[in-house]
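Visitor: Pasting query.txt here (compact mmCIF, C-alpha atoms):
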```txt
# COMPACT_ATOMS: atom_id res chain seq x y z
CA MET V 1156 -1.96 -34.10 14.97
CA LEU V 1157 -4.41 -31.46 13.76
CA LYS V 1158 -2.62 -28.15 13.35
CA GLU V 1159 -3.41 -24.70 11.97
CA VAL V 1160 -0.75 -23.03 9.83
CA LYS V 1161 -0.83 -19.72 7.99
CA GLY V 1162 1.03 -19.29 4.76
CA ILE V 1163 1.08 -19.12 0.98
CA ILE V 1164 1.08 -22.02 -1.44
CA VAL V 1165 4.20 -21.61 -3.55
CA SER V 1166 3.94 -24.74 -5.68
CA GLU V 1167 1.46 -27.45 -6.64
CA THR V 1168 1.98 -30.83 -8.30
CA ASN V 1169 -0.58 -33.35 -9.49
CA TYR V 1170 -0.78 -36.46 -7.34
CA GLY V 1171 -2.71 -39.35 -8.77
CA GLU V 1172 -5.90 -38.72 -10.72
CA THR V 1173 -7.73 -36.44 -8.30
CA SER V 1174 -5.27 -35.11 -5.74
CA LYS V 1175 -2.28 -32.77 -5.62
CA ILE V 1176 0.74 -32.04 -3.49
CA VAL V 1177 1.29 -28.44 -2.43
CA ASN V 1178 4.15 -26.68 -0.68
CA ILE V 1179 3.06 -24.05 1.83
CA LEU V 1180 5.50 -21.31 2.78
CA THR V 1181 4.98 -20.58 6.50
CA LYS V 1182 6.84 -18.80 9.29
CA ASP V 1183 8.13 -22.21 10.36
CA GLY V 1184 9.47 -23.14 6.94
CA ILE V 1185 8.12 -25.14 4.01
CA ILE V 1186 5.35 -27.64 4.74
CA GLY V 1187 4.49 -30.19 2.07
CA CYS V 1188 0.88 -31.34 2.05
CA ILE V 1189 -1.41 -33.68 0.15
CA ALA V 1190 -4.75 -32.15 -0.87
CA LYS V 1191 -6.88 -35.23 -1.47
CA GLY V 1192 -9.46 -34.90 -4.20
CA ALA V 1193 -8.49 -31.26 -4.85
CA LYS V 1194 -8.63 -31.72 -8.62
CA SER V 1195 -12.24 -32.86 -8.49
CA LEU V 1196 -14.81 -30.29 -9.64
CA LYS V 1197 -16.89 -30.91 -6.54
CA SER V 1198 -14.05 -30.69 -4.04
CA PRO V 1199 -14.18 -27.76 -1.57
CA LEU V 1200 -10.36 -27.74 -1.76
CA ARG V 1201 -10.25 -27.20 -5.52
CA SER V 1202 -10.12 -23.39 -5.50
CA TYR V 1203 -8.28 -23.12 -2.18
CA THR V 1204 -5.21 -25.19 -3.01
CA GLN V 1205 -4.03 -23.29 -6.06
CA LYS V 1206 -0.65 -21.61 -6.26
CA PHE V 1207 -0.44 -18.32 -4.35
CA THR V 1208 -3.41 -19.02 -2.11
CA PHE V 1209 -2.75 -17.05 1.08
CA GLY V 1210 -4.68 -18.70 3.83
CA SER V 1211 -5.02 -20.48 7.12
CA PHE V 1212 -4.66 -24.23 6.58
CA MET V 1213 -5.98 -26.87 8.94
CA ILE V 1214 -3.73 -29.86 8.41
CA TYR V 1215 -3.01 -33.25 9.88
CA TYR V 1216 0.64 -32.49 10.49
CA LYS V 1217 3.36 -35.10 10.06
CA GLU V 1218 6.89 -33.97 10.78
CA ASN V 1219 9.33 -34.71 7.95
CA LYS V 1220 6.51 -36.28 5.93
CA LEU V 1221 3.67 -35.04 3.76
CA SER V 1222 0.88 -33.62 5.87
CA LEU V 1223 -2.80 -33.76 4.88
CA ILE V 1224 -4.96 -30.69 4.29
CA LYS V 1225 -8.34 -30.81 6.00
CA SER V 1226 -9.67 -27.31 5.24
CA VAL V 1227 -8.59 -23.82 4.13
CA ASP V 1228 -9.73 -20.32 5.10
CA VAL V 1229 -8.46 -17.61 2.75
CA ILE V 1230 -6.78 -14.71 4.56
CA ASP V 1231 -6.43 -12.43 1.52
CA GLU V 1232 -7.48 -13.08 -2.07
CA LEU V 1233 -4.55 -10.98 -3.38
CA SER V 1234 -7.03 -9.95 -6.03
CA LEU V 1235 -5.09 -6.96 -7.38
CA ILE V 1236 -1.97 -9.04 -7.95
CA LYS V 1237 -3.80 -11.94 -9.55
CA LYS V 1238 -5.39 -9.69 -12.17
CA ASP V 1239 -2.04 -8.49 -13.52
CA LEU V 1240 0.65 -10.60 -15.19
CA VAL V 1241 3.42 -8.22 -14.12
CA LEU V 1242 2.33 -8.29 -10.48
CA ILE V 1243 1.99 -12.07 -10.56
CA SER V 1244 5.54 -12.20 -11.90
CA TYR V 1245 6.77 -10.10 -8.99
CA LEU V 1246 4.91 -12.35 -6.56
CA SER V 1247 6.43 -15.42 -8.20
CA TYR V 1248 9.97 -14.06 -7.98
CA ILE V 1249 9.68 -12.82 -4.39
CA SER V 1250 8.15 -16.17 -3.41
CA ASP V 1251 10.93 -18.13 -5.13
CA LEU V 1252 13.60 -16.02 -3.43
CA THR V 1253 11.99 -16.55 -0.03
CA TYR V 1254 11.59 -20.27 -0.71
CA GLN V 1255 15.27 -20.66 -1.57
CA ILE V 1256 16.29 -19.06 1.70
CA MET V 1257 13.73 -20.74 3.95
CA LYS V 1258 14.28 -24.24 2.67
CA GLN V 1259 17.75 -23.92 4.20
CA ASN V 1260 16.89 -21.89 7.30
CA ARG V 1261 13.58 -21.25 9.03
CA GLU V 1262 13.72 -17.47 9.16
CA LYS V 1263 10.53 -16.21 10.82
CA ASP V 1264 11.59 -12.59 10.38
CA LEU V 1265 12.08 -13.09 6.66
CA TYR V 1266 8.64 -14.67 6.35
CA LYS V 1267 7.13 -11.61 8.03
CA ILE V 1268 8.94 -9.30 5.60
CA TYR V 1269 7.80 -11.49 2.70
CA ILE V 1270 4.12 -11.28 3.67
CA GLU V 1271 4.30 -7.53 4.33
CA THR V 1272 5.90 -6.96 0.92
CA ILE V 1273 3.24 -8.94 -0.93
CA LEU V 1274 0.39 -7.19 0.88
CA LYS V 1275 1.84 -3.77 0.08
CA ILE V 1276 2.09 -4.68 -3.61
CA ASN V 1277 -1.50 -5.92 -3.47
CA LYS V 1278 -2.53 -2.51 -2.10
CA GLY V 1279 -1.12 -0.84 -5.20
CA LEU V 1280 2.33 0.30 -4.07
CA ASN V 1281 5.03 0.37 -6.73
CA PRO V 1282 6.11 -3.27 -7.23
CA ILE V 1283 9.65 -2.43 -8.36
CA ILE V 1284 10.30 -0.44 -5.19
CA MET V 1285 8.72 -3.03 -2.92
CA CYS V 1286 10.61 -5.84 -4.64
CA ASN V 1287 13.92 -3.96 -4.30
CA ILE V 1288 13.25 -3.26 -0.62
CA PHE V 1289 12.62 -6.96 -0.07
CA GLU V 1290 15.72 -7.94 -2.05
CA LEU V 1291 17.94 -5.67 0.04
CA LYS V 1292 16.59 -7.06 3.31
CA ALA V 1293 16.89 -10.63 2.04
CA LEU V 1294 20.64 -10.22 1.49
CA ASP V 1295 21.29 -10.48 5.23
CA TYR V 1296 19.58 -13.89 5.27
CA LEU V 1297 21.65 -14.98 2.30
CA GLY V 1298 24.81 -14.07 4.21
CA VAL V 1299 25.88 -11.33 1.80
CA GLY V 1300 24.40 -8.23 3.38
CA ILE V 1301 25.62 -4.75 2.44
CA ASN V 1302 27.37 -2.48 4.92
CA PHE V 1303 25.70 0.90 4.51
CA ASN V 1304 27.96 2.63 7.04
CA GLN V 1305 31.34 2.76 5.34
CA CYS V 1306 33.43 2.37 2.21
CA THR V 1307 33.65 -1.27 1.21
CA LYS V 1308 37.32 -0.87 0.23
CA CYS V 1309 38.92 1.08 3.08
CA ASN V 1310 36.13 1.22 5.72
CA SER V 1311 36.11 5.02 5.71
CA LYS V 1312 32.83 6.53 6.89
CA THR V 1313 33.42 9.87 5.21
CA ASN V 1314 33.53 11.22 1.66
CA ILE V 1315 31.29 8.48 0.25
CA ILE V 1316 30.64 9.38 -3.38
CA THR V 1317 28.98 6.35 -4.98
CA ILE V 1318 28.05 2.68 -4.67
CA ASP V 1319 28.91 -0.22 -6.94
CA GLY V 1320 27.32 -3.65 -7.29
CA ASP V 1321 30.49 -5.40 -8.46
CA VAL V 1322 32.64 -3.85 -5.73
CA GLY V 1323 29.99 -4.70 -3.15
CA GLY V 1324 28.99 -1.44 -1.56
CA TYR V 1325 29.90 2.18 -0.92
CA ILE V 1326 33.01 3.74 -2.41
CA CYS V 1327 34.69 6.80 -0.91
CA LYS V 1328 36.50 9.58 -2.76
CA ASN V 1329 39.94 8.14 -2.06
CA CYS V 1330 39.05 4.65 -3.34
CA TYR V 1331 37.11 5.74 -6.39
CA LYS V 1332 38.44 4.60 -9.76
CA ASN V 1333 36.05 4.63 -12.69
CA GLU V 1334 32.80 3.32 -11.19
CA ILE V 1335 29.43 4.83 -12.11
CA ILE V 1336 28.65 7.88 -9.98
CA TYR V 1337 25.16 7.74 -8.50
CA ASP V 1338 23.59 10.92 -7.15
CA ASP V 1339 23.07 11.62 -3.45
CA LYS V 1340 19.34 10.87 -3.64
CA THR V 1341 20.06 7.38 -4.93
CA LEU V 1342 22.59 6.72 -2.16
CA LYS V 1343 20.22 8.01 0.53
CA MET V 1344 17.19 6.12 -0.78
CA LEU V 1345 19.13 2.89 -1.13
CA ARG V 1346 20.03 3.05 2.55
CA MET V 1347 16.44 3.98 3.39
CA TYR V 1348 15.18 0.94 1.48
CA TYR V 1349 17.29 -1.24 3.72
CA LEU V 1350 16.27 0.43 6.99
CA VAL V 1351 12.55 1.07 6.40
CA ASP V 1352 9.90 -0.89 8.29
CA ILE V 1353 7.76 -2.25 5.45
CA SER V 1354 4.60 -2.27 7.56
CA SER V 1355 4.90 1.51 8.01
CA ILE V 1356 4.98 2.31 4.27
CA THR V 1357 1.83 4.08 3.05
CA ASP V 1358 3.05 6.02 0.03
CA LEU V 1359 6.05 6.00 -2.27
CA LYS V 1360 7.17 9.17 -4.02
CA ILE V 1361 10.50 8.43 -5.63
CA SER V 1362 11.73 9.65 -9.02
CA ASP V 1363 12.02 7.19 -11.89
CA THR V 1364 15.75 7.93 -12.10
CA VAL V 1365 16.36 6.90 -8.50
CA ILE V 1366 14.11 3.85 -8.82
CA ASN V 1367 15.98 2.64 -11.89
CA ASN V 1368 19.40 3.38 -10.39
CA ILE V 1369 18.60 1.30 -7.31
CA ASN V 1370 17.10 -1.52 -9.34
CA LYS V 1371 20.19 -1.63 -11.56
CA PHE V 1372 22.53 -1.73 -8.56
CA ILE V 1373 20.59 -4.54 -6.88
CA ASN V 1374 20.50 -6.64 -10.04
CA VAL V 1375 24.27 -6.37 -10.42
CA TYR V 1376 24.84 -7.12 -6.73
CA TYR V 1377 22.62 -10.22 -6.80
CA ASP V 1378 24.36 -11.53 -9.92
CA ARG V 1379 27.78 -10.93 -8.38
CA TYR V 1380 27.32 -12.13 -4.79
CA THR V 1381 24.32 -14.44 -4.25
CA GLY V 1382 24.97 -17.24 -6.72
CA LEU V 1383 21.23 -17.53 -7.32
CA TYR V 1384 19.70 -18.21 -10.69
CA LEU V 1385 15.91 -18.01 -10.51
CA LYS V 1386 13.84 -18.58 -13.63
CA SER V 1387 11.12 -16.37 -12.16
CA LYS V 1388 13.59 -13.48 -12.04
CA LYS V 1389 14.62 -13.97 -15.65
CA PHE V 1390 10.98 -14.13 -16.72
CA LEU V 1391 10.25 -10.95 -14.79
CA GLU V 1392 13.05 -9.20 -16.62
CA THR V 1393 11.63 -10.22 -20.00
CA ILE V 1394 8.25 -8.57 -19.38
CA ILE V 1395 9.41 -5.38 -17.73
CA ASP V 1396 11.12 -2.52 -19.51
CA TYR V 1397 13.94 -1.60 -17.16
CA LYS V 1398 14.91 1.91 -18.21
```
So, in terms of structure tokens, how does the structure I just supplied come out?

Guide:
Amino acid sequence: MLKEVKGIIVSETNYGETSKIVNILTKDGIIGCIAKGAKSLKSPLRSYTQKFTFGSFMIYYKENKLSLIKSVDVIDELSLIKKDLVLISYLSYISDLTYQIMKQNREKDLYKIYIETILKINKGLNPIIMCNIFELKALDYLGVGINFNQCTKCNSKTNIITIDGDVGGYICKNCYKNEIIYDDKTLKMLRMYYLVDISSITDLKISDTVINNINKFINVYYDRYTGLYLKSKKFLETIIDYK
């Protein structure tokens, strides 16, 4: 059956002497495809079946088997990202995180958030902020979402004074022990990250202190509650100076 699917190639593997197998991340999940002859210099598929190609793929679809790519129309070159090692590293990590979730569950809403995040980074918006926004939203799909309405210890909705990644959320004045105290701006922006509609973001004016506080909290939370170990995340951390 000839079918059109839109998505991003998240992995490619050599197949025989001239072909390759690619995995396309789509709103309907991961679709594995054979790109016949794609390694050949003369093949029209050569440049369109590389990792992180964002396009519309015409495929001969086979359910639960490898499909066959017929043609590809590029939707966005993602040219800004592909010129920068740091941005490519963000793309790789966000793609890996999405892949890990969607290979278990076909989450169309998550795919939409994933694409919107990548396109915003490609337009020049701060990649740390966009990545953190995506990470926060992805927690719900991982089954370990944060409750931004009350203290994680006693469920109080008042006198919230900080948030802690190991504890798992907000901490009120009565439950506070010796956790790091984050300022009000950090607490407010963290909640805003979670609630914001990514498609509506046009500009990001957030202090470096708040950005780094939020990034630190999310890193601790992911390590404590998700059980994920992604090489792309570790590589990202090695090339970025987290202040």

Visitor: Find the residues near range 1318-1333 of chain V: any atom within 9 Å, counting all atoms listed in the file, skip ones fewer than 5 places away on the same chain, and give them as an MDAnalysis selection string.

Guide: chainID V and resid 1301:1313 1342 1371:1380

Visitor: One number please: CA of Asp1239 in chain V to CA of Leu1196 in chain V, in Å, one decimal.

Guide: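 Rounded to one decimal, the two atoms are 25.6 Å apart.
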
Visitor: Report as a PDB file with C-alpha atoms, in the frame of the given file all protein, DNA and RNA residues lying within 12 Å of Leu1391 in chain V, evaluated on all atoms listed in the file, omitting residues in the same chain fewer than 2 positions from it.

Guide:
```pdb
ATOM      1  CA  LEU V1240       0.650 -10.600 -15.190  1.00  0.00           C
ATOM      2  CA  VAL V1241       3.420  -8.220 -14.120  1.00  0.00           C
ATOM      3  CA  LEU V1242       2.330  -8.290 -10.480  1.00  0.00           C
ATOM      4  CA  ILE V1243       1.990 -12.070 -10.560  1.00  0.00           C
ATOM      5  CA  SER V1244       5.540 -12.200 -11.900  1.00  0.00           C
ATOM      6  CA  TYR V1245       6.770 -10.100  -8.990  1.00  0.00           C
ATOM      7  CA  LEU V1246       4.910 -12.350  -6.560  1.00  0.00           C
ATOM      8  CA  SER V1247       6.430 -15.420  -8.200  1.00  0.00           C
ATOM      9  CA  TYR V1248       9.970 -14.060  -7.980  1.00  0.00           C
ATOM     10  CA  ILE V1249       9.680 -12.820  -4.390  1.00  0.00           C
ATOM     11  CA  PRO V1282       6.110  -3.270  -7.230  1.00  0.00           C
ATOM     12  CA  ILE V1283       9.650  -2.430  -8.360  1.00  0.00           C
ATOM     13  CA  CYS V1286      10.610  -5.840  -4.640  1.00  0.00           C
ATOM     14  CA  LEU V1385      15.910 -18.010 -10.510  1.00  0.00           C
ATOM     15  CA  LYS V1386      13.840 -18.580 -13.630  1.00  0.00           C
ATOM     16  CA  SER V1387      11.120 -16.370 -12.160  1.00  0.00           C
ATOM     17  CA  LYS V1388      13.590 -13.480 -12.040  1.00  0.00           C
ATOM     18  CA  LYS V1389      14.620 -13.970 -15.650  1.00  0.00           C
ATOM     19  CA  THR V1393      11.630 -10.220 -20.000  1.00  0.00           C
ATOM     20  CA  ILE V1394       8.250  -8.570 -19.380  1.00  0.00           C
ATOM     21  CA  ILE V1395       9.410  -5.380 -17.730  1.00  0.00           C
ATOM     22  CA  ASP V1396      11.120  -2.520 -19.510  1.00  0.00           C
ATOM     23  CA  TYR V1397      13.940  -1.600 -17.160  1.00  0.00           C
TER      24      TYR V1397
END
```

Visitor: Report as a list in words all protein, DNA and RNA residues lying within 12 Å of Leu1200 in chain V, evaluated on only C-alpha atoms, omitting residues in the same chain fewer than 2 positions from it.

Guide: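 These residues fall inside the cut-off: Thr1173, Ser1174, Lys1175, Val1177, Ile1189, Ala1190, Lys1191, Gly1192, Ala1193, Lys1194, Ser1195, Leu1196, Lys1197, Ser1198, Ser1202, Tyr1203, Thr1204, Gln1205, Thr1208, Phe1212, Met1213, Leu1223, Ile1224, Lys1225, Ser1226, Val1227, Asp1228 and Val1229 of chain V.
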
Visitor: What is the CA of Ile1366 in chain V-CA of Met1344 in chain V distance in Å, reported with one decimal?

Guide: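 CA of Ile1366 in chain V sits 8.9 Å away from CA of Met1344 in chain V.
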
Visitor: Quick one: of V:Asn1178, V:Asn1368, V:Thr1341, V:Thr1381, who's nearest to Lys1258 in chain V, counting all atoms listed in the file?

Guide: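 Under the stated criterion, the closest residue is V:Asn1178.
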
Visitor: How many Å lie between CA of Asp1251 in chain V and CA of Ile1164 in chain V, rounded to one decimal?

Guide: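 Between CA of Asp1251 in chain V and CA of Ile1164 in chain V the gap works out to 11.2 Å.
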
Visitor: Neighbours of Ile1186 in chain V within 10 Å (all atoms listed in the file; same-chain residues fewer than 3 positions away dropped), as a ChimeraX atom specification?

Guide: /V:1160,1162,1164,1177-1181,1183,1216-1222,1258

Visitor: Go through V:Glu1290, V:Asp1363, V:Glu1159, V:Asp1358 one by one, measure the shortest atom-to-atom distance of each to Lys1278 in chain V using only C-alpha atoms, and give the residue with the smallest value.

Guide: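 Using only C-alpha atoms, the shortest distance to Lys1278 in chain V belongs to V:Asp1358.
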
Visitor: When you count all atoms listed in the file, which of these residues is closest to Ile1288 in chain V: V:Val1365, V:Leu1157, V:Met1347, V:Ile1214?

Guide: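 The shortest atom-to-atom distance to Ile1288 in chain V comes from V:Met1347.
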
Visitor: Neighbours of Lys1182 in chain V within 12 Å (all atoms listed in the file; same-chain residues fewer than 6 positions away dropped), as a list in words?

Guide: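 Close residues of Lys1182 in chain V: Val1160, Lys1161, Gly1162, Ile1163, Thr1253, Tyr1254, Met1257, Lys1258, Asn1260, Arg1261, Glu1262, Lys1263, Asp1264, Leu1265, Tyr1266, Lys1267, Ile1268, Tyr1269 and Ile1270 of chain V.
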
Visitor: Is there a way to complete range 1166-1196 of chain V with N, CA and C atoms and then write that out as an mmCIF file, in the frame of the given file?

Guide:
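Saved to selection33.cif:
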```
data_model
loop_
_atom_site.group_PDB
_atom_site.id
_atom_site.type_symbol
_atom_site.label_atom_id
_atom_site.label_comp_id
_atom_site.auth_asym_id
_atom_site.auth_seq_id
_atom_site.Cartn_x
_atom_site.Cartn_y
_atom_site.Cartn_z
ATOM 1 N N SER V 1166 3.859 -23.792 -4.567
ATOM 2 C CA SER V 1166 3.940 -24.740 -5.680
ATOM 3 C C SER V 1166 2.859 -25.802 -5.523
ATOM 4 N N GLU V 1167 2.446 -26.363 -6.639
ATOM 5 C CA GLU V 1167 1.460 -27.450 -6.640
ATOM 6 C C GLU V 1167 1.826 -28.458 -7.711
ATOM 7 N N THR V 1168 1.645 -29.739 -7.386
ATOM 8 C CA THR V 1168 1.980 -30.830 -8.300
ATOM 9 C C THR V 1168 0.855 -31.852 -8.277
ATOM 10 N N ASN V 1169 0.463 -32.325 -9.436
ATOM 11 C CA ASN V 1169 -0.580 -33.350 -9.490
ATOM 12 C C ASN V 1169 -0.124 -34.615 -8.780
ATOM 13 N N TYR V 1170 -1.066 -35.242 -8.079
ATOM 14 C CA TYR V 1170 -0.780 -36.460 -7.340
ATOM 15 C C TYR V 1170 -1.925 -37.444 -7.590
ATOM 16 N N GLY V 1171 -1.644 -38.432 -8.400
ATOM 17 C CA GLY V 1171 -2.710 -39.350 -8.770
ATOM 18 C C GLY V 1171 -3.703 -38.673 -9.703
ATOM 19 N N GLU V 1172 -4.892 -39.238 -9.798
ATOM 20 C CA GLU V 1172 -5.900 -38.720 -10.720
ATOM 21 C C GLU V 1172 -6.673 -37.530 -10.175
ATOM 22 N N THR V 1173 -6.852 -37.469 -8.863
ATOM 23 C CA THR V 1173 -7.730 -36.440 -8.300
ATOM 24 C C THR V 1173 -7.087 -35.555 -7.248
ATOM 25 N N SER V 1174 -5.885 -35.856 -6.839
ATOM 26 C CA SER V 1174 -5.270 -35.110 -5.740
ATOM 27 C C SER V 1174 -4.058 -34.303 -6.208
ATOM 28 N N LYS V 1175 -3.495 -33.534 -5.315
ATOM 29 C CA LYS V 1175 -2.280 -32.770 -5.620
ATOM 30 C C LYS V 1175 -1.433 -32.629 -4.363
ATOM 31 N N ILE V 1176 -0.174 -32.345 -4.587
ATOM 32 C CA ILE V 1176 0.740 -32.040 -3.490
ATOM 33 C C ILE V 1176 1.090 -30.562 -3.579
ATOM 34 N N VAL V 1177 0.970 -29.864 -2.456
ATOM 35 C CA VAL V 1177 1.290 -28.440 -2.430
ATOM 36 C C VAL V 1177 2.367 -28.171 -1.390
ATOM 37 N N ASN V 1178 3.178 -27.156 -1.659
ATOM 38 C CA ASN V 1178 4.150 -26.680 -0.680
ATOM 39 C C ASN V 1178 3.686 -25.341 -0.141
ATOM 40 N N ILE V 1179 3.543 -25.267 1.178
ATOM 41 C CA ILE V 1179 3.060 -24.050 1.830
ATOM 42 C C ILE V 1179 4.235 -23.361 2.515
ATOM 43 N N LEU V 1180 4.458 -22.112 2.157
ATOM 44 C CA LEU V 1180 5.500 -21.310 2.780
ATOM 45 C C LEU V 1180 4.938 -20.686 4.046
ATOM 46 N N THR V 1181 5.477 -21.051 5.204
ATOM 47 C CA THR V 1181 4.980 -20.580 6.500
ATOM 48 C C THR V 1181 6.136 -19.977 7.302
ATOM 49 N N LYS V 1182 5.813 -19.381 8.433
ATOM 50 C CA LYS V 1182 6.840 -18.800 9.290
ATOM 51 C C LYS V 1182 7.781 -19.866 9.850
ATOM 52 N N ASP V 1183 7.327 -21.112 9.843
ATOM 53 C CA ASP V 1183 8.130 -22.210 10.360
ATOM 54 C C ASP V 1183 8.832 -23.004 9.264
ATOM 55 N N GLY V 1184 8.808 -22.466 8.050
ATOM 56 C CA GLY V 1184 9.470 -23.140 6.940
ATOM 57 C C GLY V 1184 8.492 -23.633 5.892
ATOM 58 N N ILE V 1185 8.932 -24.587 5.087
ATOM 59 C CA ILE V 1185 8.120 -25.140 4.010
ATOM 60 C C ILE V 1185 7.427 -26.400 4.510
ATOM 61 N N ILE V 1186 6.109 -26.451 4.339
ATOM 62 C CA ILE V 1186 5.350 -27.640 4.740
ATOM 63 C C ILE V 1186 4.718 -28.244 3.486
ATOM 64 N N GLY V 1187 5.070 -29.483 3.192
ATOM 65 C CA GLY V 1187 4.490 -30.190 2.070
ATOM 66 C C GLY V 1187 3.215 -30.896 2.502
ATOM 67 N N CYS V 1188 2.173 -30.762 1.687
ATOM 68 C CA CYS V 1188 0.880 -31.340 2.050
ATOM 69 C C CYS V 1188 0.216 -32.019 0.855
ATOM 70 N N ILE V 1189 -0.553 -33.060 1.149
ATOM 71 C CA ILE V 1189 -1.410 -33.680 0.150
ATOM 72 C C ILE V 1189 -2.805 -33.060 0.285
ATOM 73 N N ALA V 1190 -3.364 -32.648 -0.833
ATOM 74 C CA ALA V 1190 -4.750 -32.150 -0.870
ATOM 75 C C ALA V 1190 -5.567 -33.205 -1.609
ATOM 76 N N LYS V 1191 -6.153 -34.113 -0.864
ATOM 77 C CA LYS V 1191 -6.880 -35.230 -1.470
ATOM 78 C C LYS V 1191 -8.137 -34.753 -2.186
ATOM 79 N N GLY V 1192 -8.273 -35.213 -3.420
ATOM 80 C CA GLY V 1192 -9.460 -34.900 -4.200
ATOM 81 C C GLY V 1192 -9.533 -33.464 -4.690
ATOM 82 N N ALA V 1193 -8.452 -32.691 -4.533
ATOM 83 C CA ALA V 1193 -8.490 -31.260 -4.850
ATOM 84 C C ALA V 1193 -8.681 -30.963 -6.326
ATOM 85 N N LYS V 1194 -8.434 -31.930 -7.180
ATOM 86 C CA LYS V 1194 -8.630 -31.720 -8.620
ATOM 87 C C LYS V 1194 -10.064 -31.996 -9.065
ATOM 88 N N SER V 1195 -10.835 -32.564 -8.171
ATOM 89 C CA SER V 1195 -12.240 -32.860 -8.490
ATOM 90 C C SER V 1195 -13.058 -31.580 -8.539
ATOM 91 N N LEU V 1196 -13.977 -31.490 -9.488
ATOM 92 C CA LEU V 1196 -14.810 -30.290 -9.640
ATOM 93 C C LEU V 1196 -15.656 -30.017 -8.407
#
```
